[in-house]
Structure formats: structure tokens, C-alpha cells
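So the structure is just underneath, and the comments pick up after that.
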Number of protein chains: 2
Amino acid sequence: MALVVQKYGGTSMGSIERIQNVARRVAKTYDDGNDVVVIVSAMAGETNKLVALANEMCEFPSEREYDVLVAAGEQVSIALLSMGLQSMGYKAKSYLGHQIPIYTDNAFSKARIEEIEDKKIREDLKNGTIIVVAGFQGVDREGNVTTMGRGGSDTSAVAVAAALKADVCEIYTDVDGVYTTDPRIVPEASKIEKISYDEMLEMASLGAKVLQIRSVEFAKKYGVVVHVRSSFNDNPGTLVMKEDADMETVLVSGITYNKDEAKISMMRVPDKPGIASQLFSPLTEANITVDMIIQNVSNEGYTDMTFTVPRTDFKKALKIVQDTAGKIGAGGVISDESIAKVSIVGVGMRSHSGIASKMFQTLSQEGINIQMISTSEIKVSCVISAKYTELAVRVLHEAFGLSAGDAKAE
Amino acid sequence: MALVVQKYGGTSMGSIERIQNVARRVAKTYDDGNDVVVIVSAMAGETNKLVALANEMCEFPSEREYDVLVAAGEQVSIALLSMGLQSMGYKAKSYLGHQIPIYTDNAFSKARIEEIEDKKIREDLKNGTIIVVAGFQGVDREGNVTTMGRGGSDTSAVAVAAALKADVCEIYTDVDGVYTTDPRIVPEASKIEKISYDEMLEMASLGAKVLQIRSVEFAKKYGVVVHVRSSFNDNPGTLVMKEDADMETVLVSGITYNKDEAKISMMRVPDKPGIASQLFSPLTEANITVDMIIQNVSNEGYTDMTFTVPRTDFKKALKIVQDTAGKIGAGGVISDESIAKVSIVGVGMRSHSGIASKMFQTLSQEGINIQMISTSEIKVSCVISAKYTELAVRVLHEAFGLSAGDAKAE
């Protein structure tokens with residue numbers, strides 16, 4: 001008998017019929033002899049509807065009230081799923097964040113989980129009750145409702161699994177698992193059987209929207225085995241887990257892309273100490289996250305600085321950088337909103353050389369110009385013109401032998 | 001400086017625009033120098049939508065989960081109204097039932113308020129914050145979400161007003177106040193300036209759907225002055241308050257009617273001790289509320305028993321009564337679903353005779369047959385054929401001089 005934590009996202013909970021489908025899945029897991037704790041998101045579209053109401057109400061909604069508002073979506077879901085289970089003859093009980101409680105800090109709308117009490121849940125499990133927990137929400141030490149940001153239910157699930165020392169945390173979504181790349185671009189993309197936490201972190205932050213990043217960090221920290229799978233079929237999905245020897249034999253696990261950034265360059269910057277800080281401090285103050293940064297070697301006392309920012313912050317960032325350029329006497333600012341970041345990820349890179357140069361070569365063979373490069377131990381990212389995104393993903397996927405049926409999928 | 005509790009119903013909160021209207025009203029009360037605590041219902045239609053989801057999910061939803069579900073409606077309202085107030089520059093803070101807390105018993109979906117902690121609210125009021133409280137919901141001592149039944153927000157408002165010893169509890173609704181009768185039937189119906197708790201209780205239970213009965217009981221118990229008024233204009237409404245000398249001079253305060261009951265008669269019942277209990281116990285066990293009961297004097301050892309039940313329970317009740325009739329050897333059962341109860345209410349009746357006979361005379365002059373009669377200290381009710389309801393209400397309203405402009409409205 002195992003303790004299984006399952007999480008169902010908004011699409012899986014999107015209608016009464018789908019919630020009944022979820023109830024059947026949960027019941028089957030229970031009938032198989034497991035203790036089951038289910039974490040659910042709001043019904044698809046509900047959170048968006050609530051956010052739209054907030055925006056209609058006022059331009060800058062208070063974060064505290066915003067969290068009270070959007071937490072209502074999950075409250076509806078847990079009640080409906082519990083009713084569904086009960087109508088099938090199972091004992092089921094719903095829990096809101098504050099009822100467990102799931103304690104978080106008080107950073108409204110991006111709260112971090114600090115502590116989860118497991119007492120009540122354990123008691124209910126002991127008498128055979130299926131537990132249904134509202135994802136995405138918690139409560140701070142003063143009793144205020146908090147939420148954890150988009151995708152926060154993943155983190156709720158992993159955190160509950162960690163607190164209960166569950167055997168597995170199954171994340172049900174509308175895809176079969178984590179793929180070597182986006183199947184909409186490369187139909188031959190294959191499902192990854194297992195992937196390390198670090199690779200998944202790179203995949204998640206680079207644009208594969210399967211799991212919230214923080215949930216992977218949490219899983220890594222507490223060693224929670226996460227099983228990403230579909231709620232619409234019974235296929236085995238992808239296991240996100242501790243790195244093992246098998247994984248190292250795979251040089252590249254996946255190809256990701258991200259079209260949500262824009263590029264800004266400040267030209268002919270006087271190259272003296274403190275310049276970088278003068279450039280980036282105003283961006284930080286404006287809460288703009290700078291991703292890749294490149295500084296060319298100095299030439300006659302001047303240098304060029306290029307960096308990327310989220311496209312949603314592009315206009316604000318450009319204005320700030322233009323102001324700064326004037327102040328520090330730079331030559332000018334140029335920018336490009338039509339860029340994409342394409343990346344290869346794999347723990348195997350650590351022990352193999354030549355992966356990066358194979359990437360550059362593959363892109364250049366297709367005439368794709370590389371505008372920026374950034375690397376970590378287990379990934380290489382290139383910024384290219386946005387129009388080449390799909391082409392680049394396809395040729396890299398091919399070059400690193402990731403297609404289903406390729407040799408490496410042995 | 002006064003402490004004002006205001007309650008806005010679903011219609012007043014029915015859209016972003018209307019919530020903004022509510023925010024302006026609340027702000028005006030605050031600007032006039034008052035401390036303000038606002039209790040709100042779910043946006044019109046929301047609770048019905050949630051109930052429909054529950055019914056779609058399963059035939060007999062668990063009461064605990066039902067309350068978790070429907071409480072979500074008020075959660076949305078409090079957040080939106082707080083945001084609206086904040087966007088106008090006011091300090092505002094929302095409270096869910098469990099955050100105050102509003103403690104209730106654990107009778108889900110019809111919970112009764114036991115205790116309200118006023119500490120947090122008082123602190124917030126001290127620093128100039130407008131408090132927005134979710135109506136209809138509370139929390140039991142185990143931390144379960146509870147709700148108080150339809151119209152429960154009225155009771156929340158009166159209970160909060162009582163706990164805070166507020167100067168007045170204003171109940172905003174879509175009508176101007178309590179009328180002498182239903183203006184849809186009698187266009188000349190006039191607004192009642194002030195009415196005693198007892199009269200209001202009779203009016204509410206007899207079919208005037210302005211205030212939840214329990215809220216009036218609460219107001220009476222704690223002496224809360226309730227001001228029923230419209231959120232769509234600035235007209236003074238109706239004060240529900242302790243009886244005063246003025247009120248006694250009005251013989252009849254209002255005419256009410258109720259078409260939601262049905263009549264059942266058991267004929268030729270053997271008249272021996274215990275018969276009434278044998279007849280009514282099975283109905284009580286089936287949770288059917290019996291309203292009026294008439295037993296004729298015995299004739300040759302047999303009697304007839306007639307009573308009314310809610311029309312929604314009619315079929316169930318009829319079946320039970322037929323079973324009972326067989327068991328106790330009654331002559332037969334006849335029933336009528338097309339009845340109405342018409343009542344006159346007024347504290348003045350206590351000290352004046354002839355009111356009831358004037359009612360009977362008025363009805364008989366119009367050829368309306370009276371099928372059942374029941375009286376209390378301050379009301380007389382007659383059951384008549386449903387088709388005469390409007391006619392009866394009109395002629396009684398006329399006969400007791402209740403129309404606007406009549407002598408008694410001096």
C-alpha cells in the first residue's frame with residue numbers, strides 16, 4: 001500500500017464530465033489499495049474569468065484582495081470533486097489552504113510555501129478518506145489568503161507530497177509527459193521516460209510549460225519523484241527524479257524554445273568600472289528580469305552590451321535603457337523584438353565535449369545566424385531571429401537523434 | 001461619529017458597474033464621518049450557478065461540500081468591492097467568515113451564528129479601514145466552512161451589527177423598503193415608515209421576501225435597528241425596530257399572501273386520543289413542515305383534520321397521509337394544491353377588536369369563500385382558493401385604508 005499524491009490541472013477539471021472522469025481515476029487508484037491525496041486547480045477558464053473581473057474593477061488591484069478573489073476558483077473545484085467521489089460511494093473530504101493549513105509567506109500572488117501541517121490529513125487517510133486539496137492557495141501566519149502564481153497547483157502537489165512523504169506525486173495534465181521538444185513543431189518528438197530535476201528545471205525555465213519551475217525545485221529539494229502524465233489516457237508519462245547513470249548516456253535530452261523575450265543593445269558604452277551596474281540597476285528597480293547578457297570585449301575604450309528581457313516588459317525596459325544611455329554617454333540603443341531563444345538540454349553534456357559546436361554547426365548549415373550564446377553545465381542557448389524558430393528546433397532535434405525510433409531511444 | 005453596518009444583496013452586487021455604485025455609497029457613508037462595515041452577498045446569479053453545478057455533479061451533494069462550493073460566491077464579491085474602494089483611494093479590507101471568525105454551529109447549509117469575534121474588525125476600524133465581510137458564510141469550531149441558507153447575508157449583517165453594537169444596520173435591496181402589500185398587486189401600496197420586530201416576523205414568514213426571518217429574530221433579540229432601503233436611490237426606507245406607541249395606533253400594518261402551500265384533509269378520522277400524533281409524526285420524520293392545522297369538532301366519534309404543507313413537499317406528504325389514513329381507518333383523503341393564504345398583520349390588533357370580523361366580511365362581500373382560518377396576537381390568516389389571491393389582497397388593502405394618501409397614513 002502506497003501513498004499517492006495526484007494533481008489535476010484546469011483542463012482535466014474543465015467540466016462536470018471531466019471532473020467525473022477525474023473522480024473515476026482517483027477511485028481506481030484508491031481501489032488499487034493506495035491512500036490518495038488529490039490536489040486540483042480551478043476549472044479551465046475560471047481563473048482567467050476572475051482575473052478579468054479584477055482588471056475591470058480597477059487598474060492595479062490590491063494583491064491581498066486579488067488572492068482572495070482568484071482563490072475562489074479552486075474552492076469550487078475541490079467541492080465538486082469531493083461530491084463526485086461521494087456520489088460514487090467513496091469517503092472524500094475537501095480542504096482549503098487555510099484548513100490544512102498550508103502556511104506560506106505573505107508575498108501575495110507569488111507566495112512561497114513554508115510549512116504544511118499533515119495531522120488532519122493523516123487522520124482522515126487512516127479512516128479511509130480520499131483527501132481533496134485546493135491547489136494554488138495557502139494562508140499566511142496572519143490568516144490572510146495567499147496564492148502561489150500561475151501553475152502554483154504543481155507546487156502545492158509536490159509540497160504536500162513532500163510533507164506526507166508520499167511514494168509518488170503524479171501530475172496529470174493534457175499531455176502525455178515531457179517531450180524531447182514541442183510536438184506541434186516536430187511531430188516525431190518522443191516522450192522522455194525519465195529526466196533529472198536539473199534537466200527539468202532547464203526545460204521548464206526555457207519554455208517547456210509542463211511543470212511550474214518552483215515545483216521542480218521543491219521536488220529536487222525533498223527528493224519527491226514526480227510522474228507527469230495525461231488525465232485522458234493510461235499511458236505511462238515522464239518520471240522527474242534524481243539523476244541516475246542511464247541519464248548520463250543521453251547527450252541531449254530535449255530541445256526547447258522561447259519566443260517571449262526581446263533583445264536590447266546599448267552601443268559604444270564607455271568601458272569603465274560600474275557601467276554594468278549603472279545600466280542594470282534601473283531595470284532591477286523597475287522589476288524587470290534580465291535574462292541573457294553579453295558584453296563584447298572592449299575596443300578603444302568602448303564596448304557593446306546586449307541583453308534580453310521579457311517581451312511584456314520590452315517597452316518599459318527600452319525607455320529606461322534609453323534614459324540610461326543618455327546619462328552615461330553611450331553611442332545609442334538598438335533593439336529587436338523578433339528574436340527567439342533555442343536551447344539544447346542534457347546532463348550528458350557535462351562529460352562530453354563537442355555538443356555546443358555541433359549545435360552551432362547545425363544552425364549555420366541552415367543559414368541561421370546566431371545573435372547571442374549562453375551556456376550552463378547542462379544547456380546551451382542561442383538567440384536567433386524569431387522567424388527561424390521552428391526550423392532551428394527541427395534541425396537540432398534531428399541532429400541530436402531525438403526523434404522517436406532514432407537509435408538513442410533504445 | 002456612528003458605526004454603520006451596511007448589507008448589499010446580490011442584485012446590488014450584480015455587475016462591476018453595480019459594485020462600483022455600491023463602493024460609492026459606502027464611501028459616502030465613510031466620508032460623512034462614520035465607521036463602516038459592509039456585508040455583501042454573491043453577485044446575482046452566481047449562487048444559482050454554483051448550485052446548478054452541484055446538482056449536475058450528484059443527486060444528493062454532501063452538505064459539507066455544498067457549503068464549501070456555494071461560499072465561493074461571496075469570496076468573489078468581497079474581493080471586488082474591496083478593490084473598488086481601494087481604487088477610489090480608501091483603505092479597505094475583506095474578511096471571509098473564517099477570518100473574523102464568524103462561528104456557527106455545524107448545521108451545514110442552515111448554520112446558526114453562535115459567536116462573532118470583533119477584535120480584528122475593531123482594530124481595522126480604528127485605523128480608518130472600511131471592512132468588507134462575506135455574508136452567508138461562517139465557520140464551525142472544527143474549521144469547516146458553513147453557510148446560513150438563502151438570505152443568510154441578512155443574518156450575517158444583523159449579527160455583525162449586534163456584535164459591534166453598531167448604531168444601525170442598513171439592509172440594501174432592490175426595493176425601497178417594506179410595503180403595506182405587494183406593489184405588483186396593489187400599485188397604491190405604501191411604504192411603511194417603521195415596523196416592529198414582531199410585525200416584521202409575521203410579514204417575513206407570511207411571504208414578504210424582504211428580510212430573512214432569522215435576521216429579524218436576531219435583530220429583535222439584540223435590539224438592532226434595521227433600516228431596509230434601496231441601493232438604487234436615496235429614499236429613506238423602512239425602520240424595523242422595537243415597538244413604540246405610534247405603532248399601536250395602526251390597526252393593520254400590512255397585507256401578505258403566500259401561494260407556496262397546499263392543503264390536505266383527512267376525512268372521518270376516528271376521534272380518539274393520539275390520533276393527531278399518529279397523523280403528524282410521519283410527516284415530521286420526513287422533514288415536512290406543517291403550517292396551519294384545523295380539527296373540526298367531533299361528530300358521532302369522527303372528526304376531519306385539515307392542514308397545509310409547502311407545495312414542494314405536497315406529493316411526498318400526500319403519499320404519507322394516504323398510508324396513515326389506511327392504518328388508522330380514516331374515511332379518505334382529499335387535497336387541493338390551488339390554495340393561497342392571505343393575512344393581515346398589525347400590533348394594533350392586540351388592543352382593538354373587530355379586525356378579524358372585518359376581514360371575513362370584506363372577503364365574503366366579494367364572494368370569496370374562506371377555507372381555513374388561523375390567528376395569532378398580531379395577525380389573521382385565511383386560506384382561500386388561489387384564483388382569488390390578487391382580488392383578496394386588493395380589497396383588504398382598501399378595506400383597512402392602507403393605500404398611499406389614505407387617512408391613516410397621516
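How things are named: the first chain in the C-alpha cells is A, the next is B, and so on; residues count from 1 in each chain; ligands count from 1 in the order shown.
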Compute the set of chain B residues within 10 Å of chain A, using only C-alpha atoms, and express it as a PyMOL selection string. chain B and resi 15-17+19-20+50+53-88+92-96+98-100+142-145
Write the residues of the preceding selection, restricted to N, CA and C atoms, as a compact mmCIF listing (two decimals), in the first residue's frame.
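Output file again-v4.txt follows:
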# COMPACT_ATOMS: atom_id res chain seq x y z
N SER B 15 -23.09 43.38 -11.00
CA SER B 15 -22.13 43.61 -12.09
C SER B 15 -21.03 44.51 -11.57
N ILE B 16 -19.94 44.62 -12.35
CA ILE B 16 -18.85 45.51 -11.95
C ILE B 16 -19.39 46.93 -11.73
N GLU B 17 -20.25 47.36 -12.66
CA GLU B 17 -20.80 48.70 -12.56
C GLU B 17 -21.60 48.88 -11.26
N ILE B 19 -21.26 47.14 -8.53
CA ILE B 19 -20.36 47.09 -7.38
C ILE B 19 -19.68 48.44 -7.20
N GLN B 20 -19.38 49.10 -8.32
CA GLN B 20 -18.80 50.45 -8.23
C GLN B 20 -19.80 51.41 -7.60
N LEU B 50 -23.60 28.00 -9.02
CA LEU B 50 -22.86 27.02 -8.23
C LEU B 50 -23.77 25.87 -7.80
N LEU B 53 -24.19 23.51 -10.63
CA LEU B 53 -23.02 22.63 -10.77
C LEU B 53 -23.11 21.46 -9.80
N ALA B 54 -23.47 21.77 -8.55
CA ALA B 54 -23.58 20.72 -7.54
C ALA B 54 -24.62 19.68 -7.95
N ASN B 55 -25.76 20.15 -8.44
CA ASN B 55 -26.82 19.22 -8.83
C ASN B 55 -26.43 18.39 -10.04
N GLU B 56 -25.63 19.01 -10.92
CA GLU B 56 -25.15 18.28 -12.07
C GLU B 56 -24.18 17.19 -11.62
N MET B 57 -23.41 17.51 -10.59
CA MET B 57 -22.36 16.59 -10.13
C MET B 57 -22.95 15.37 -9.46
N CYS B 58 -23.93 15.57 -8.62
CA CYS B 58 -24.54 14.41 -7.97
C CYS B 58 -25.89 14.77 -7.40
N GLU B 59 -26.73 13.76 -7.21
CA GLU B 59 -28.12 14.00 -6.85
C GLU B 59 -28.25 14.57 -5.44
N PHE B 60 -27.52 13.99 -4.50
CA PHE B 60 -27.60 14.47 -3.13
C PHE B 60 -26.22 14.91 -2.66
N PRO B 61 -25.83 16.13 -3.00
CA PRO B 61 -24.49 16.59 -2.63
C PRO B 61 -24.32 16.57 -1.11
N SER B 62 -23.12 16.22 -0.67
CA SER B 62 -22.80 16.27 0.75
C SER B 62 -22.95 17.71 1.23
N GLU B 63 -23.55 17.89 2.39
CA GLU B 63 -23.81 19.24 2.87
C GLU B 63 -22.52 20.00 3.16
N ARG B 64 -21.52 19.29 3.68
CA ARG B 64 -20.25 19.96 3.96
C ARG B 64 -19.65 20.51 2.68
N GLU B 65 -19.62 19.70 1.62
CA GLU B 65 -19.00 20.14 0.37
C GLU B 65 -19.86 21.19 -0.33
N TYR B 66 -21.17 21.04 -0.17
CA TYR B 66 -22.09 22.03 -0.74
C TYR B 66 -21.77 23.42 -0.19
N ASP B 67 -21.52 23.49 1.10
CA ASP B 67 -21.22 24.78 1.71
C ASP B 67 -19.88 25.34 1.23
N VAL B 68 -18.88 24.45 1.06
CA VAL B 68 -17.59 24.91 0.52
C VAL B 68 -17.82 25.52 -0.86
N LEU B 69 -18.67 24.85 -1.64
CA LEU B 69 -18.93 25.30 -3.01
C LEU B 69 -19.61 26.66 -3.04
N VAL B 70 -20.77 26.76 -2.38
CA VAL B 70 -21.55 27.99 -2.54
C VAL B 70 -20.92 29.19 -1.83
N ALA B 71 -20.05 28.94 -0.83
CA ALA B 71 -19.40 30.05 -0.15
C ALA B 71 -18.43 30.78 -1.08
N ALA B 72 -18.08 30.16 -2.21
CA ALA B 72 -17.13 30.80 -3.13
C ALA B 72 -17.71 32.08 -3.74
N GLY B 73 -19.03 32.15 -3.85
CA GLY B 73 -19.66 33.33 -4.47
C GLY B 73 -19.38 34.62 -3.70
N GLU B 74 -19.52 34.56 -2.39
CA GLU B 74 -19.29 35.75 -1.56
C GLU B 74 -17.81 36.13 -1.54
N GLN B 75 -16.94 35.12 -1.69
CA GLN B 75 -15.50 35.38 -1.68
C GLN B 75 -15.13 36.30 -2.85
N VAL B 76 -15.76 36.06 -3.98
CA VAL B 76 -15.54 36.90 -5.16
C VAL B 76 -16.03 38.33 -4.89
N SER B 77 -17.22 38.44 -4.31
CA SER B 77 -17.82 39.76 -4.06
C SER B 77 -16.98 40.64 -3.14
N ILE B 78 -16.51 40.05 -2.02
CA ILE B 78 -15.78 40.89 -1.05
C ILE B 78 -14.48 41.41 -1.66
N ALA B 79 -13.81 40.55 -2.48
CA ALA B 79 -12.56 40.99 -3.08
C ALA B 79 -12.82 42.13 -4.06
N LEU B 80 -13.85 41.98 -4.88
CA LEU B 80 -14.14 43.01 -5.89
C LEU B 80 -14.53 44.34 -5.23
N LEU B 81 -15.39 44.27 -4.20
CA LEU B 81 -15.80 45.53 -3.56
C LEU B 81 -14.60 46.20 -2.88
N SER B 82 -13.73 45.40 -2.23
CA SER B 82 -12.55 45.99 -1.59
C SER B 82 -11.66 46.67 -2.63
N MET B 83 -11.47 45.99 -3.77
CA MET B 83 -10.68 46.60 -4.83
C MET B 83 -11.31 47.90 -5.31
N GLY B 84 -12.63 47.89 -5.45
CA GLY B 84 -13.33 49.09 -5.91
C GLY B 84 -13.10 50.26 -4.96
N LEU B 85 -13.19 49.99 -3.66
CA LEU B 85 -12.97 51.03 -2.67
C LEU B 85 -11.53 51.52 -2.70
N GLN B 86 -10.60 50.57 -2.84
CA GLN B 86 -9.18 50.94 -2.87
C GLN B 86 -8.87 51.80 -4.10
N SER B 87 -9.49 51.46 -5.23
CA SER B 87 -9.20 52.22 -6.44
C SER B 87 -9.75 53.64 -6.33
N MET B 88 -10.69 53.87 -5.37
CA MET B 88 -11.20 55.22 -5.13
C MET B 88 -10.37 55.91 -4.04
N ALA B 92 -9.43 49.62 2.50
CA ALA B 92 -10.50 48.62 2.60
C ALA B 92 -9.86 47.26 2.77
N LYS B 93 -10.55 46.37 3.46
CA LYS B 93 -10.02 45.04 3.72
C LYS B 93 -11.16 44.04 3.78
N SER B 94 -10.99 42.94 3.07
CA SER B 94 -12.05 41.93 3.04
C SER B 94 -11.84 40.89 4.14
N TYR B 95 -12.94 40.32 4.59
CA TYR B 95 -12.90 39.23 5.57
C TYR B 95 -13.83 38.11 5.13
N LEU B 96 -13.28 36.90 5.07
CA LEU B 96 -14.11 35.71 4.91
C LEU B 96 -14.65 35.32 6.29
N HIS B 98 -14.31 32.70 8.07
CA HIS B 98 -13.36 32.06 8.97
C HIS B 98 -12.27 33.01 9.41
N GLN B 99 -12.14 34.14 8.72
CA GLN B 99 -11.06 35.07 9.09
C GLN B 99 -11.45 35.98 10.25
N ILE B 100 -12.76 36.17 10.44
CA ILE B 100 -13.18 37.09 11.52
C ILE B 100 -12.94 36.51 12.90
N GLU B 142 -14.64 23.31 14.26
CA GLU B 142 -13.60 22.43 13.69
C GLU B 142 -12.96 23.05 12.45
N GLY B 143 -13.37 24.26 12.09
CA GLY B 143 -12.76 24.91 10.94
C GLY B 143 -13.44 24.60 9.62
N ASN B 144 -14.60 23.92 9.65
CA ASN B 144 -15.34 23.68 8.42
C ASN B 144 -16.10 24.93 7.98
N VAL B 145 -16.16 25.14 6.66
CA VAL B 145 -16.95 26.25 6.13
C VAL B 145 -18.43 25.92 6.28
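Picture a line from atom CA of Gly97 of chain B to atom CA of Glu117 of chain A; it runs 21.7 Å.
Among the candidate residues A:Asn299, A:Ser12, A:Val225, A:Val36, the one lying nearest to Val175 of chain A is A:Ser12, with distances computed using only C-alpha atoms.
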Show me, as a PyMOL selection string, the residues that have an atom within 12 Å of Val297 of chain B when counting only C-alpha atoms, minus same-chain residues fewer than 6 positions from it. chain B and resi 268-271+303-305
Can you tell me which residues surround Lys379 of chain A at a distance of at most 7 Å, considering only C-alpha atoms, apart from same-chain residues fewer than 5 positions away, and format the answer as a PyMOL selection string? chain A and resi 343-346
What residues in segment 175-213 of chain B get the DSSP label strand (DSSP E or B)? Please answer as a ChimeraX atom specification. /B:179,191,194-196
Writer output for current selection, N, CA and C atoms, as a PDB file, in the first residue's frame:
ATOM      1  N   TYR B 179     -43.359  47.281   2.197  1.00  0.00           N
ATOM      2  CA  TYR B 179     -44.601  47.908   1.762  1.00  0.00           C
ATOM      3  C   TYR B 179     -45.812  47.285   2.459  1.00  0.00           C
ATOM      4  N   LYS B 191     -45.182  52.626   1.391  1.00  0.00           N
ATOM      5  CA  LYS B 191     -44.032  52.183   2.164  1.00  0.00           C
ATOM      6  C   LYS B 191     -44.334  52.370   3.651  1.00  0.00           C
ATOM      7  N   LYS B 194     -42.025  52.737   9.758  1.00  0.00           N
ATOM      8  CA  LYS B 194     -41.393  51.904  10.776  1.00  0.00           C
ATOM      9  C   LYS B 194     -42.322  50.777  11.174  1.00  0.00           C
ATOM     10  N   ILE B 195     -41.718  49.676  11.532  1.00  0.00           N
ATOM     11  CA  ILE B 195     -42.489  48.464  11.811  1.00  0.00           C
ATOM     12  C   ILE B 195     -41.796  47.732  12.956  1.00  0.00           C
ATOM     13  N   SER B 196     -42.576  47.084  13.803  1.00  0.00           N
ATOM     14  CA  SER B 196     -41.972  46.400  14.953  1.00  0.00           C
ATOM     15  C   SER B 196     -41.376  45.065  14.513  1.00  0.00           C
TER      16      SER B 196
END
Just asking: which residues within segment 201-386 of chain B are helix (DSSP H, G or I) according to DSSP, as a PyMOL selection string? chain B and resi 201-206+213-222+245-248+275-285+311-328+347-351+355-365+386
Those residues you just picked out, can you put them in a file as a JSON list (two decimals), in the first residue's frame with C-alpha atoms?
[["chain", "number", "residue", "atom", "x", "y", "z"],
["B", 201, "LEU", "CA", -41.53, 38.48, 11.61],
["B", 202, "GLU", "CA", -45.14, 37.86, 10.67],
["B", 203, "MET", "CA", -44.68, 39.71, 7.38],
["B", 204, "ALA", "CA", -41.49, 37.80, 6.55],
["B", 205, "SER", "CA", -42.84, 34.37, 7.40],
["B", 206, "LEU", "CA", -46.09, 35.08, 5.61],
["B", 213, "ILE", "CA", -36.73, 35.65, 9.11],
["B", 214, "ARG", "CA", -33.75, 34.69, 11.20],
["B", 215, "SER", "CA", -32.20, 38.11, 10.73],
["B", 216, "VAL", "CA", -35.32, 39.71, 12.23],
["B", 217, "GLU", "CA", -35.24, 37.29, 15.18],
["B", 218, "PHE", "CA", -31.61, 38.23, 15.69],
["B", 219, "ALA", "CA", -32.37, 41.93, 15.45],
["B", 220, "LYS", "CA", -35.17, 41.56, 17.98],
["B", 221, "LYS", "CA", -33.01, 39.59, 20.39],
["B", 222, "TYR", "CA", -30.18, 42.11, 20.36],
["B", 245, "ALA", "CA", -46.60, 53.91, 20.95],
["B", 246, "ASP", "CA", -47.13, 55.19, 17.38],
["B", 247, "MET", "CA", -47.25, 51.70, 16.01],
["B", 248, "GLU", "CA", -50.17, 50.68, 18.20],
["B", 275, "ILE", "CA", -54.75, 10.35, 16.53],
["B", 276, "ALA", "CA", -53.13, 13.75, 15.81],
["B", 277, "SER", "CA", -49.74, 12.40, 16.77],
["B", 278, "GLN", "CA", -50.24, 9.33, 14.57],
["B", 279, "LEU", "CA", -51.07, 11.61, 11.68],
["B", 280, "PHE", "CA", -48.30, 14.19, 12.07],
["B", 281, "SER", "CA", -45.34, 12.14, 13.35],
["B", 282, "PRO", "CA", -44.65, 10.53, 9.95],
["B", 283, "LEU", "CA", -44.68, 13.99, 8.33],
["B", 284, "THR", "CA", -42.23, 15.33, 10.90],
["B", 285, "GLU", "CA", -39.97, 12.34, 10.34],
["B", 311, "ARG", "CA", -46.23, 22.91, -2.11],
["B", 312, "THR", "CA", -42.75, 21.49, -2.90],
["B", 313, "ASP", "CA", -43.41, 18.72, -0.34],
["B", 314, "PHE", "CA", -47.01, 18.17, -1.43],
["B", 315, "LYS", "CA", -46.62, 14.86, -3.32],
["B", 316, "LYS", "CA", -44.45, 13.33, -0.62],
["B", 317, "ALA", "CA", -46.84, 14.49, 2.10],
["B", 318, "LEU", "CA", -49.93, 13.21, 0.27],
["B", 319, "LYS", "CA", -48.42, 9.74, -0.06],
["B", 320, "ILE", "CA", -47.58, 9.63, 3.65],
["B", 321, "VAL", "CA", -51.04, 10.82, 4.68],
["B", 322, "GLN", "CA", -52.72, 8.24, 2.45],
["B", 323, "ASP", "CA", -50.66, 5.48, 4.07],
["B", 324, "THR", "CA", -51.56, 6.77, 7.52],
["B", 325, "ALA", "CA", -55.25, 7.04, 6.62],
["B", 326, "GLY", "CA", -55.27, 3.32, 5.76],
["B", 327, "LYS", "CA", -53.59, 2.41, 9.03],
["B", 328, "ILE", "CA", -55.87, 4.39, 11.33],
["B", 347, "VAL", "CA", -49.64, 45.13, 16.52],
["B", 348, "GLY", "CA", -52.68, 47.39, 16.83],
["B", 349, "MET", "CA", -54.91, 44.29, 16.75],
["B", 350, "ARG", "CA", -53.93, 43.44, 20.27],
["B", 351, "SER", "CA", -55.89, 46.33, 21.67],
["B", 355, "ILE", "CA", -60.37, 43.40, 13.00],
["B", 356, "ALA", "CA", -60.82, 39.71, 12.18],
["B", 357, "SER", "CA", -64.53, 40.01, 11.52],
["B", 358, "LYS", "CA", -63.88, 42.99, 9.24],
["B", 359, "MET", "CA", -61.52, 40.77, 7.27],
["B", 360, "PHE", "CA", -64.07, 37.96, 6.95],
["B", 361, "GLN", "CA", -66.79, 40.39, 5.94],
["B", 362, "THR", "CA", -64.61, 42.03, 3.31],
["B", 363, "LEU", "CA", -63.78, 38.70, 1.71],
["B", 364, "SER", "CA", -67.37, 37.45, 1.81],
["B", 365, "GLN", "CA", -68.63, 40.65, 0.16],
["B", 386, "ALA", "CA", -55.63, 30.58, -5.20]]
